[in-house]
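Worksheet: the structure to be examined is printed underneath.
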There are 2 protein chains.
Amino acid sequence: MGKRNIKLVIQYDGSGYSGWQKQPGVKTIEAEVISAIENLTGCESVELNGSSRTDAGVSALGQVANVRLDTPIPTERFAKALSQYLPPEIVVTEAVDVPDEFDAIKDTKSKMYRYSIYTGKSRPVMQVNHCWHRPGRLDIEAMNKAGRKLVGKKDFKSFAAAADKRTSSVRTILRCETSKDNEWIYIDVEADGFLYNMVRNIVGTLVEIGRGHWQAGKIEEILEAKNRSAAGPIAPAVGLCLMWIKY
Amino acid sequence: MGKRNIKLVIQYDGSGYSGWQKQPGVKTIEAEVISAIENLTGCESVELNGSSRTDAGVSALGQVANVRLDTPIPTERFAKALSQYLPPEIVVTEAVDVPDEFDAIKDTKSKMYRYSIYTGKSRPVMQVNHCWHRPGRLDIEAMNKAGRKLVGKKDFKSFAAAADKRTSSVRTILRCETSKDNEWIYIDVEADGFLYNMVRNIVGTLVEIGRGHWQAGKIEEILEAKNRSAAGPIAPAVGLCLMWIKY
């Protein structure tokens, strides 16, 4: 009998972690989830196929992974049982049996990241690990105008970390919206896929536009350059949160 | 020349701290603020008069303290400068010169605490240190009915920790309101003063009523008993936040 293929939805406060991906000698989300699965099921050498390799400090409310397991635990009980083996800042909110061919990375239709900026004078102590504290006014309209210029199937090479080794830097951004709630600003970016550091580089660029250093039209110039140095500085990791993944 | 008397408004995420009050060998908010003041001003043996001795794990968005200092730093710059000497989870949002006789403890008119309960199924990873995660429905109407019975000048001995040594347990509750926002429940309690553990014991009791274990009328019985054992179990510290203090 083959192993079951189980899809997990995972939430985490990434502020105390060295990112998603398992690495020797550091605390990672993936390692915690694998160890919880092994402790719960008694399975060994579990391999987790996580959709997004979120960076150190990045959080998630909708990370998705699939895992092949030989366990009799029914999926209705799996999420809750697994969460009891996880630290307080990580939780599995859903577990479902999926067809054997389901792959959390390859089958992604789109993902949404939210970036949070706090613009108030004093740092927000209760959310200090979940935002970029950047006092001062930002022009939301200009940021939305610029965001609309990013929507579509385009070469986002200028917004990718130089270290990104993927062959194609063409992605489709479905939405890039900036909204405001009192002193909070949220930048939501939905795409069919992201290059390394892409959201943080987009946010850094939109902030340059929001603070009036650049005009919204600068986006076209940056896209055309196909060079990381054309875009704005990278925004800090702590403001980033993976909200959901669609399949 | 006498020292200046400076009033400070302080915010903190108390989740990693052993409470407000300075104690040898443990991390406290008061010790961090004193050390920041000493580092900023060069003053020695600084004494801070904090209005509320919040417990371990309790947070604040409006703690108030006064401090007597011989420093030329103008108050306009004081809050920001001081915050640069504080860890990320503590910030001073306001500093003003006050009359010499001002005392942050004795001059308190009223204080408001908010207690946050998350009733969703999975623990809320981003706020796990700032709420009581208690899945399941609570009857807000019954909790509000019970809360109204606590309003007024009454003997709250039944809601005070047995360890509370204050001579009088009479206090005036001005407001005790329960509200709901999706899966979040907030209990706001405003009073002219609080006994030790009073808000957490009130919350524990209101939850017994909200879950249907007791009727709202039980409050009168508890007040009359003047005995801690008559009330509900104490609610966890992490859900509590000191919101503001009026003078």
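Identifiers in the structure tokens: chain A, B, ... in order shown; residue index from 1 per chain; ligand index from 1 in order shown.
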- [ ] Find the residues in chain B near chain A: any atom within 7 Å counts, using only C-alpha atoms. Write them as JSON, numbers by chain.
- [x] {"B": [11, 12, 13, 88, 89, 90, 91, 93, 122, 123, 125, 126, 128]}
Open item on the list: Based on the backbone DSSP call, show me all residues of segment 35-209 of chain A assigned alpha helix (DSSP H), as a VMD selection string.
Closed with: chain A and resid 35 to 41 75 to 83 140 to 148 198 to 209
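Neighbours of segment 219-234 of chain B closer than or equal to 8 Å, with only C-alpha atoms counted and sequence neighbours fewer than 3 positions away skipped, come out as Ala146, Lys149, Leu150, Asp155, Phe156, Lys157, Ser158, Phe159, Ala160, Ala161, Ala162, Asn197, Arg200, Asn201, Ile202, Val203, Gly204, Thr205, Leu206, Glu208 and Ala216 of chain B.
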With C-alpha atoms retained, export the selected residues as a PDB file, in the first residue's frame.
```pdb
ATOM      1  CA  ALA B 146     -22.903  40.336  34.823  1.00  0.00           C
ATOM      2  CA  LYS B 149     -23.575  44.210  38.335  1.00  0.00           C
ATOM      3  CA  LEU B 150     -19.900  44.948  39.110  1.00  0.00           C
ATOM      4  CA  ASP B 155     -16.153  45.617  48.290  1.00  0.00           C
ATOM      5  CA  PHE B 156     -14.294  43.487  45.733  1.00  0.00           C
ATOM      6  CA  LYS B 157     -12.614  41.219  48.288  1.00  0.00           C
ATOM      7  CA  SER B 158     -13.897  38.110  46.454  1.00  0.00           C
ATOM      8  CA  PHE B 159     -11.997  39.199  43.340  1.00  0.00           C
ATOM      9  CA  ALA B 160      -8.690  39.956  45.088  1.00  0.00           C
ATOM     10  CA  ALA B 161      -5.819  37.484  45.386  1.00  0.00           C
ATOM     11  CA  ALA B 162      -5.684  36.092  48.903  1.00  0.00           C
ATOM     12  CA  ASN B 197      -5.310  40.079  40.358  1.00  0.00           C
ATOM     13  CA  ARG B 200      -7.992  38.509  35.916  1.00  0.00           C
ATOM     14  CA  ASN B 201     -10.360  37.176  38.581  1.00  0.00           C
ATOM     15  CA  ILE B 202     -13.243  39.192  37.136  1.00  0.00           C
ATOM     16  CA  VAL B 203     -12.452  37.846  33.652  1.00  0.00           C
ATOM     17  CA  GLY B 204     -12.295  34.252  34.916  1.00  0.00           C
ATOM     18  CA  THR B 205     -15.696  34.754  36.539  1.00  0.00           C
ATOM     19  CA  LEU B 206     -17.254  36.397  33.465  1.00  0.00           C
ATOM     20  CA  GLU B 208     -17.798  31.042  33.699  1.00  0.00           C
ATOM     21  CA  ALA B 216     -25.230  36.538  35.564  1.00  0.00           C
TER      22      ALA B 216
END
```
Open item on the list: Based on the backbone DSSP call, show me all residues of segment 5-244 of chain B assigned strand (DSSP E), as JSON, numbers by chain.
Closed with: {"B": [5, 6, 7, 8, 9, 10, 11, 12, 48, 49, 50, 59, 60, 61, 62, 63, 64, 65, 66, 67, 68, 69, 90, 91, 92, 93, 94, 95, 96, 97, 110, 111, 112, 113, 114, 115, 116, 117, 118, 132, 133, 152, 153, 154, 155, 170, 171, 172, 173, 174, 175, 176, 177, 178, 179, 180, 181, 184, 185, 186, 187, 188, 189, 190, 191, 240, 241, 242, 243, 244]}
Could those selected residues go to a file with C-alpha atoms, as an mmCIF file, in the first residue's frame?
```
data_model
loop_
_atom_site.group_PDB
_atom_site.id
_atom_site.type_symbol
_atom_site.label_atom_id
_atom_site.label_comp_id
_atom_site.auth_asym_id
_atom_site.auth_seq_id
_atom_site.Cartn_x
_atom_site.Cartn_y
_atom_site.Cartn_z
ATOM 1 C CA ASN B 5 9.535 66.013 38.051
ATOM 2 C CA ILE B 6 8.881 64.271 34.721
ATOM 3 C CA LYS B 7 5.808 62.201 33.855
ATOM 4 C CA LEU B 8 6.360 59.372 31.382
ATOM 5 C CA VAL B 9 3.843 57.333 29.388
ATOM 6 C CA ILE B 10 5.256 53.880 28.702
ATOM 7 C CA GLN B 11 4.147 51.065 26.372
ATOM 8 C CA TYR B 12 5.457 47.512 26.540
ATOM 9 C CA LEU B 48 10.845 55.455 39.052
ATOM 10 C CA ASN B 49 7.362 55.797 40.515
ATOM 11 C CA GLY B 50 5.218 53.543 38.305
ATOM 12 C CA SER B 59 1.421 44.276 28.637
ATOM 13 C CA ALA B 60 0.706 48.004 28.647
ATOM 14 C CA LEU B 61 -0.176 50.670 26.116
ATOM 15 C CA GLY B 62 -0.517 53.393 28.768
ATOM 16 C CA GLN B 63 1.571 52.767 31.864
ATOM 17 C CA VAL B 64 2.442 56.042 33.634
ATOM 18 C CA ALA B 65 5.400 56.787 35.896
ATOM 19 C CA ASN B 66 7.022 59.907 37.289
ATOM 20 C CA VAL B 67 10.707 60.383 37.896
ATOM 21 C CA ARG B 68 12.711 63.164 39.590
ATOM 22 C CA LEU B 69 15.760 64.109 37.563
ATOM 23 C CA ILE B 90 9.424 48.889 25.404
ATOM 24 C CA VAL B 91 8.863 52.484 24.317
ATOM 25 C CA VAL B 92 8.278 55.843 26.009
ATOM 26 C CA THR B 93 5.605 57.668 24.024
ATOM 27 C CA GLU B 94 5.318 60.857 26.083
ATOM 28 C CA ALA B 95 7.390 62.867 28.547
ATOM 29 C CA VAL B 96 6.154 66.074 30.183
ATOM 30 C CA ASP B 97 7.335 68.254 33.050
ATOM 31 C CA SER B 110 -9.002 55.930 36.987
ATOM 32 C CA LYS B 111 -7.348 53.191 34.925
ATOM 33 C CA MET B 112 -8.577 50.982 32.131
ATOM 34 C CA TYR B 113 -7.496 47.409 31.511
ATOM 35 C CA ARG B 114 -8.451 45.415 28.443
ATOM 36 C CA TYR B 115 -8.508 41.632 28.516
ATOM 37 C CA SER B 116 -8.399 39.836 25.120
ATOM 38 C CA ILE B 117 -9.788 36.358 24.493
ATOM 39 C CA TYR B 118 -9.407 34.545 21.176
ATOM 40 C CA TRP B 132 -6.112 33.906 26.233
ATOM 41 C CA HIS B 133 -6.780 31.301 23.560
ATOM 42 C CA GLY B 152 -20.198 50.980 41.378
ATOM 43 C CA LYS B 153 -18.415 51.434 44.697
ATOM 44 C CA LYS B 154 -18.253 47.937 46.191
ATOM 45 C CA ASP B 155 -16.153 45.617 48.290
ATOM 46 C CA VAL B 170 -13.465 48.729 48.421
ATOM 47 C CA ARG B 171 -13.022 50.114 44.910
ATOM 48 C CA THR B 172 -15.217 51.826 42.335
ATOM 49 C CA ILE B 173 -15.662 50.122 38.963
ATOM 50 C CA LEU B 174 -16.785 52.702 36.399
ATOM 51 C CA ARG B 175 -17.227 50.330 33.475
ATOM 52 C CA CYS B 176 -17.086 46.598 32.773
ATOM 53 C CA GLU B 177 -17.952 45.919 29.137
ATOM 54 C CA THR B 178 -17.573 42.858 26.962
ATOM 55 C CA SER B 179 -17.414 43.313 23.190
ATOM 56 C CA LYS B 180 -16.838 41.059 20.207
ATOM 57 C CA ASP B 181 -14.941 41.405 16.930
ATOM 58 C CA TRP B 184 -11.992 38.086 19.420
ATOM 59 C CA ILE B 185 -13.644 39.044 22.690
ATOM 60 C CA TYR B 186 -12.537 42.087 24.682
ATOM 61 C CA ILE B 187 -13.381 42.756 28.314
ATOM 62 C CA ASP B 188 -12.750 46.389 29.297
ATOM 63 C CA VAL B 189 -12.665 47.245 32.986
ATOM 64 C CA GLU B 190 -12.227 50.821 34.205
ATOM 65 C CA ALA B 191 -11.926 51.556 37.929
ATOM 66 C CA LEU B 240 -4.195 41.477 30.044
ATOM 67 C CA CYS B 241 -3.158 44.938 28.873
ATOM 68 C CA LEU B 242 -3.148 48.253 30.801
ATOM 69 C CA MET B 243 -4.669 50.660 28.261
ATOM 70 C CA TRP B 244 -4.535 54.072 29.964
#
```
Open item on the list: To one decimal place in Å, what is the distance between atom CA of Ser169 of chain A and atom CA of Phe194 of chain A?
Closed with: 8.8 Å
Task: Long-range neighbours of segment 23-35 of chain A as number ranges by chain, 7 Å cut-off, only C-alpha atoms, 4 positions minimum in chain - done: A: 17-19, 39, 46, 48, 86
TODO: Give the answer as one residue: which of B:Arg53, B:Glu38, B:Glu44, B:Asn144 has the shortest atom-to-atom distance to Lys22 of chain B, using only C-alpha atoms?
DONE: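 Among the listed residues, the smallest separation from Lys22 of chain B belongs to B:Arg53.
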For Thr71 of chain A, work out the shell of residues within 10 Å, counting only C-alpha atoms and skipping chain neighbours fewer than 4 positions away, then give it as a PDB file with all heavy atoms, in the first residue's frame.
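Here's the written file out-v8.pdb:
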```pdb
ATOM      1  N   LYS A   3       1.866   5.337   0.448  1.00  0.00           N
ATOM      2  CA  LYS A   3       1.657   6.297   1.526  1.00  0.00           C
ATOM      3  C   LYS A   3       0.540   7.263   1.161  1.00  0.00           C
ATOM      4  O   LYS A   3       0.284   7.512  -0.023  1.00  0.00           O
ATOM      5  CB  LYS A   3       2.939   7.103   1.745  1.00  0.00           C
ATOM      6  CG  LYS A   3       4.056   6.285   2.380  1.00  0.00           C
ATOM      7  CD  LYS A   3       5.281   7.169   2.568  1.00  0.00           C
ATOM      8  CE  LYS A   3       6.421   6.384   3.208  1.00  0.00           C
ATOM      9  NZ  LYS A   3       7.625   7.215   3.354  1.00  0.00           N
ATOM     10  N   ARG A   4      -0.100   7.848   2.181  1.00  0.00           N
ATOM     11  CA  ARG A   4      -1.081   8.910   1.947  1.00  0.00           C
ATOM     12  C   ARG A   4      -0.328  10.190   1.587  1.00  0.00           C
ATOM     13  O   ARG A   4       0.817  10.388   1.986  1.00  0.00           O
ATOM     14  CB  ARG A   4      -1.886   9.175   3.225  1.00  0.00           C
ATOM     15  CG  ARG A   4      -2.829   8.062   3.599  1.00  0.00           C
ATOM     16  CD  ARG A   4      -3.203   8.135   5.071  1.00  0.00           C
ATOM     17  NE  ARG A   4      -3.969   9.335   5.376  1.00  0.00           N
ATOM     18  CZ  ARG A   4      -4.267   9.710   6.622  1.00  0.00           C
ATOM     19  NH1 ARG A   4      -3.838   8.986   7.648  1.00  0.00           N
ATOM     20  NH2 ARG A   4      -4.979  10.789   6.844  1.00  0.00           N
ATOM     21  N   LEU A  40       4.444  12.814  16.392  1.00  0.00           N
ATOM     22  CA  LEU A  40       3.036  12.417  16.425  1.00  0.00           C
ATOM     23  C   LEU A  40       2.818  11.034  15.801  1.00  0.00           C
ATOM     24  O   LEU A  40       2.087  10.214  16.342  1.00  0.00           O
ATOM     25  CB  LEU A  40       2.178  13.468  15.696  1.00  0.00           C
ATOM     26  CG  LEU A  40       0.707  13.083  15.442  1.00  0.00           C
ATOM     27  CD1 LEU A  40      -0.079  12.995  16.749  1.00  0.00           C
ATOM     28  CD2 LEU A  40       0.034  14.084  14.495  1.00  0.00           C
ATOM     29  N   THR A  41       3.437  10.821  14.625  1.00  0.00           N
ATOM     30  CA  THR A  41       3.104   9.616  13.852  1.00  0.00           C
ATOM     31  C   THR A  41       4.073   8.454  14.075  1.00  0.00           C
ATOM     32  O   THR A  41       3.751   7.313  13.725  1.00  0.00           O
ATOM     33  CB  THR A  41       3.132   9.927  12.334  1.00  0.00           C
ATOM     34  OG1 THR A  41       4.473  10.330  11.982  1.00  0.00           O
ATOM     35  CG2 THR A  41       2.154  11.035  11.969  1.00  0.00           C
ATOM     36  N   GLY A  42       5.259   8.760  14.581  1.00  0.00           N
ATOM     37  CA  GLY A  42       6.271   7.719  14.699  1.00  0.00           C
ATOM     38  C   GLY A  42       6.986   7.446  13.379  1.00  0.00           C
ATOM     39  O   GLY A  42       7.879   6.606  13.302  1.00  0.00           O
ATOM     40  N   CYS A  43       6.603   8.178  12.315  1.00  0.00           N
ATOM     41  CA  CYS A  43       7.283   8.022  11.027  1.00  0.00           C
ATOM     42  C   CYS A  43       8.701   8.588  11.130  1.00  0.00           C
ATOM     43  O   CYS A  43       8.962   9.473  11.926  1.00  0.00           O
ATOM     44  CB  CYS A  43       6.528   8.769   9.919  1.00  0.00           C
ATOM     45  SG  CYS A  43       4.878   8.121   9.620  1.00  0.00           S
TER      46      CYS A  43
END
```
